[in-house]
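Below is one structure; the comments refer to it alone.
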Amino acid sequence: MKVRFSARDSAWAEWAPALRTALPEMELAREGDPAAFDAIIYAPGGDIDDFTPYRRVKLVQSLWAGVERIVTNPTLTQPLARMVDPGLARGMAEYCTGWALRAHLGMDGYAQDGRWRNGAVPPLAPERPVTILGMGELGRATAAMLGGIGFPLTGISASGHPVPGVTVHPVAALDAVLAEAQILICLLPATPATRDLLDARRLSLLPEGAWLINPGRGTLIDDAALLAGLDQGRPAHAVLDVFRTEPLPADHPFWSHPAVTVTPHIAAETRPATAAPVAARNLRRALSGQPVLNLVDRAKGY
């Protein structure tokens, strides 16, 4: 099995040992005759823009959960699989849970400035509704962790599939769901249908004091509408890990807004130790003629 590795240069040293351990029968290379490769392991930043010469390739396995930077490539006719990695899912769940707890407990209200503050006692977790937009792998992992603490959970799902411990609604119910979302977590993929989904009108539906946590995709929220909404207290605070332009430009108003917390796209990193076995299993399936796991639906974009 000859596999082409196409990702940023710095990823090679990190990924090559883990992939070779998980798939010892594989010949992994960063370059070579395109017609000689059986599969491609891909991440944004690699050097393949034209997939046409890779005529033998039976699978392009993404190392990222998001595939918006490859799925629209018109030269990509080979099957494309997104990464569903247990380490990535747990990392996302921990990030969302940590920030949800910070919002829930009002931790930002206790500055160390020498003043004793008689703050309001927060409700217990079962009294604080949390809403998750997107009930895919990452949404379900986040729901399982938050549900274990006791938060009542509501979710928006395009598929409508039931999720244990979550009251799942279709996208058509988004407005009603937002009106009850004291903590809103955005985990939807980037597609034409989700672009600017949270616009000025929808942000205005949030309850006063609501927190918004977005580790999903930067295109889900209208930036200007969010800044205007923050000035009006809906939402009261935004934790943002993803942006339309990354790194976030130094002059972007998110940096200086007092109700915005910026984190540098760290919520859910794909970890070679847990993701390499996933990629190996899928490559074996593709080359043996078995159905590919986590196959991307080109029409949906994920």
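So you can find residues: chains in the structure tokens are A, B, ... in the order shown, residues in each start at 1, and ligands are numbered from 1 in order.
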
Pro24 in chain A surroundings by only C-alpha atoms, 12 Å radius, close-in-sequence under 4 positions cut, as a JSON list (two decimals) with N, CA, C and O atoms, in the first residue's frame:
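The file below, selection-v3.json, is the result:
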```
[["chain", "number", "residue", "atom", "x", "y", "z"],
["A", 1, "MET", "N", 0.85, -1.18, 0.00],
["A", 1, "MET", "CA", 0.00, 0.00, 0.00],
["A", 1, "MET", "C", 0.90, 1.24, 0.00],
["A", 1, "MET", "O", 1.67, 1.46, 0.93],
["A", 2, "LYS", "N", 0.79, 2.04, -1.05],
["A", 2, "LYS", "CA", 1.59, 3.25, -1.13],
["A", 2, "LYS", "C", 0.68, 4.45, -0.88],
["A", 2, "LYS", "O", -0.33, 4.63, -1.56],
["A", 3, "VAL", "N", 1.04, 5.28, 0.11],
["A", 3, "VAL", "CA", 0.19, 6.37, 0.56],
["A", 3, "VAL", "C", 0.95, 7.68, 0.50],
["A", 3, "VAL", "O", 2.07, 7.78, 0.98],
["A", 16, "ALA", "N", 4.18, 11.02, 10.82],
["A", 16, "ALA", "CA", 4.75, 9.85, 10.13],
["A", 16, "ALA", "C", 5.00, 8.67, 11.08],
["A", 16, "ALA", "O", 4.61, 7.53, 10.75],
["A", 17, "PRO", "N", 5.61, 8.85, 12.25],
["A", 17, "PRO", "CA", 5.83, 7.69, 13.13],
["A", 17, "PRO", "C", 4.53, 7.03, 13.57],
["A", 17, "PRO", "O", 4.43, 5.79, 13.61],
["A", 18, "ALA", "N", 3.52, 7.84, 13.93],
["A", 18, "ALA", "CA", 2.25, 7.27, 14.39],
["A", 18, "ALA", "C", 1.54, 6.52, 13.27],
["A", 18, "ALA", "O", 0.96, 5.44, 13.50],
["A", 19, "LEU", "N", 1.56, 7.05, 12.06],
["A", 19, "LEU", "CA", 0.90, 6.39, 10.93],
["A", 19, "LEU", "C", 1.62, 5.09, 10.57],
["A", 19, "LEU", "O", 0.98, 4.06, 10.28],
["A", 20, "ARG", "N", 2.93, 5.08, 10.61],
["A", 20, "ARG", "CA", 3.68, 3.86, 10.27],
["A", 20, "ARG", "C", 3.48, 2.79, 11.34],
["A", 20, "ARG", "O", 3.46, 1.60, 11.02],
["A", 28, "LEU", "N", 4.75, 5.08, 3.17],
["A", 28, "LEU", "CA", 4.29, 6.46, 3.31],
["A", 28, "LEU", "C", 5.33, 7.39, 2.71],
["A", 28, "LEU", "O", 6.51, 7.31, 3.04],
["A", 276, "ALA", "N", -4.23, 8.30, 14.20],
["A", 276, "ALA", "CA", -3.54, 7.42, 13.25],
["A", 276, "ALA", "C", -4.22, 6.05, 13.12],
["A", 276, "ALA", "O", -4.40, 5.54, 12.00],
["A", 277, "PRO", "N", -4.64, 5.41, 14.22],
["A", 277, "PRO", "CA", -5.36, 4.14, 14.07],
["A", 277, "PRO", "C", -6.68, 4.27, 13.30],
["A", 277, "PRO", "O", -7.09, 3.35, 12.59],
["A", 280, "ALA", "N", -5.69, 4.47, 9.67],
["A", 280, "ALA", "CA", -5.22, 3.16, 9.22],
["A", 280, "ALA", "C", -6.39, 2.21, 8.95],
["A", 280, "ALA", "O", -6.42, 1.50, 7.93],
["A", 281, "ARG", "N", -7.36, 2.20, 9.85],
["A", 281, "ARG", "CA", -8.52, 1.32, 9.67],
["A", 281, "ARG", "C", -9.29, 1.68, 8.40],
["A", 281, "ARG", "O", -9.71, 0.81, 7.64],
["A", 284, "ARG", "N", -7.33, 0.61, 5.20],
["A", 284, "ARG", "CA", -7.46, -0.83, 4.98],
["A", 284, "ARG", "C", -8.82, -1.17, 4.39],
["A", 284, "ARG", "O", -8.94, -2.01, 3.50]]
```

So that I can check the surroundings of Gly109 in chain A, please list as an mmCIF file with N, CA, C and O atoms, in the first residue's frame every protein, DNA and RNA residue that reaches within 10 Å of it, counting only C-alpha atoms and ignoring chain neighbours fewer than 4 positions away.
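Writing the result to result.cif gives the following:
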```
data_model
loop_
_atom_site.group_PDB
_atom_site.id
_atom_site.type_symbol
_atom_site.label_atom_id
_atom_site.label_comp_id
_atom_site.auth_asym_id
_atom_site.auth_seq_id
_atom_site.Cartn_x
_atom_site.Cartn_y
_atom_site.Cartn_z
ATOM 1 N N ALA A 103 -18.877 30.039 32.426
ATOM 2 C CA ALA A 103 -20.063 30.883 32.249
ATOM 3 C C ALA A 103 -21.082 30.624 33.348
ATOM 4 O O ALA A 103 -21.635 31.560 33.950
ATOM 5 N N LEU A 105 -20.774 29.421 36.405
ATOM 6 C CA LEU A 105 -20.376 29.812 37.758
ATOM 7 C C LEU A 105 -20.068 31.299 37.879
ATOM 8 O O LEU A 105 -19.794 31.788 38.988
ATOM 9 N N ARG A 117 -16.701 40.925 47.082
ATOM 10 C CA ARG A 117 -17.923 41.067 46.308
ATOM 11 C C ARG A 117 -18.965 40.064 46.788
ATOM 12 O O ARG A 117 -18.697 38.868 46.835
ATOM 13 N N GLY A 119 -21.491 38.473 45.438
ATOM 14 C CA GLY A 119 -22.119 38.150 44.164
ATOM 15 C C GLY A 119 -23.317 37.227 44.332
ATOM 16 O O GLY A 119 -23.526 36.611 45.384
ATOM 17 N N ALA A 120 -24.104 37.153 43.283
ATOM 18 C CA ALA A 120 -25.256 36.261 43.285
ATOM 19 C C ALA A 120 -24.793 34.811 43.264
ATOM 20 O O ALA A 120 -23.836 34.455 42.570
#
```

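The shortest atom-to-atom distance to Trp99 in chain A, with only C-alpha atoms taken into account, belongs to A:Pro215 out of A:Pro164, A:Pro207, A:Pro215, A:Pro258.
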
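Contact shell of Lys300 in chain A at 9 Å (only C-alpha atoms; same-chain neighbours under 6 positions omitted): Thr191, Pro192 and Ala193 of chain A.
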
Keeping all heavy atoms for every residue in the selection just given, could you write it to a file as a compact mmCIF listing (two decimals), in the first residue's frame?
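Below is the file that was written, selection.txt:
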```txt
# COMPACT_ATOMS: atom_id res chain seq x y z
N THR A 191 -20.83 25.21 5.93
CA THR A 191 -21.49 24.92 4.66
C THR A 191 -22.21 26.18 4.21
O THR A 191 -22.39 27.11 5.00
CB THR A 191 -22.51 23.77 4.80
OG1 THR A 191 -23.63 24.24 5.57
CG2 THR A 191 -21.90 22.55 5.48
N PRO A 192 -22.64 26.23 2.96
CA PRO A 192 -23.44 27.40 2.54
C PRO A 192 -24.67 27.60 3.41
O PRO A 192 -25.07 28.74 3.66
CB PRO A 192 -23.81 27.05 1.09
CG PRO A 192 -22.69 26.18 0.62
CD PRO A 192 -22.30 25.36 1.81
N ALA A 193 -25.27 26.52 3.89
CA ALA A 193 -26.48 26.64 4.70
C ALA A 193 -26.21 27.21 6.09
O ALA A 193 -27.11 27.78 6.71
CB ALA A 193 -27.16 25.28 4.82
```

Leaving out Gln182 in chain A and any residue of its chain fewer than 3 positions from it, which residues lie within 9 Å of it when counting only C-alpha atoms, given as number ranges by chain?
-> A: 104, 128-131, 178-179, 206-212

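Those residues in range 6-92 of chain A carrying a DSSP assignment of strand (DSSP E), computed from the backbone, are Ser6, Glu27, Leu28, Ala29, Ala39, Ile40, Ile41, Tyr42, Leu59, Val60, Gln61, Ser62, Leu80 and Ala81 of chain A.
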
Could you turn the residues from that selection into a file that holds C-alpha atoms, as a short mmCIF file (atom, residue, chain, number, x, y, z; two decimals), in the first residue's frame?
```cif
data_model
loop_
_atom_site.label_atom_id
_atom_site.label_comp_id
_atom_site.auth_asym_id
_atom_site.auth_seq_id
_atom_site.Cartn_x
_atom_site.Cartn_y
_atom_site.Cartn_z
CA SER A 6 0.02 15.88 1.96
CA GLU A 27 4.77 2.83 2.26
CA LEU A 28 4.29 6.46 3.31
CA ALA A 29 5.82 9.17 1.12
CA ALA A 39 -4.42 6.56 -1.08
CA ILE A 40 -3.78 10.08 0.17
CA ILE A 41 -3.64 11.33 3.77
CA TYR A 42 -4.53 15.00 3.60
CA LEU A 59 -9.47 7.17 -0.63
CA VAL A 60 -8.47 10.65 0.45
CA GLN A 61 -8.42 10.52 4.24
CA SER A 62 -8.60 13.92 5.89
CA LEU A 80 -13.14 11.65 0.76
CA ALA A 81 -13.39 10.71 4.45
#
```

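Nearest to Arg90 in chain A of all the residues A:Ser288, A:Asn282, A:Thr270, A:Thr194 is A:Thr270, based on only C-alpha atoms.
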
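Of the listed residues (A:Leu283, A:His252, A:Leu146, A:Ala299), A:Leu283 comes nearest to Met26 in chain A; the distances count only C-alpha atoms.
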
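Minimum atom-to-atom distances from A:Gly165, A:Pro123, A:Pro44, A:Gly106 to His237 in chain A were compared using only C-alpha atoms, and the lowest value belongs to A:Gly106.
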
Extract the full set of alpha helix (DSSP H) residues from range 43-194 of chain A according to DSSP on the backbone, and format it as number ranges by chain.
-> A: 86-105, 137-149, 174-178

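Nearest-residue note for Asp108 in chain A: choosing from A:Ala236, A:Leu293, A:Ile266, A:Met145, the minimum distance belongs to A:Ala236, counting only C-alpha atoms.
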
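Our summary of the geometry notes that CA of Thr167 in chain A is positioned 6.3 Å from CA of Leu153 in chain A.
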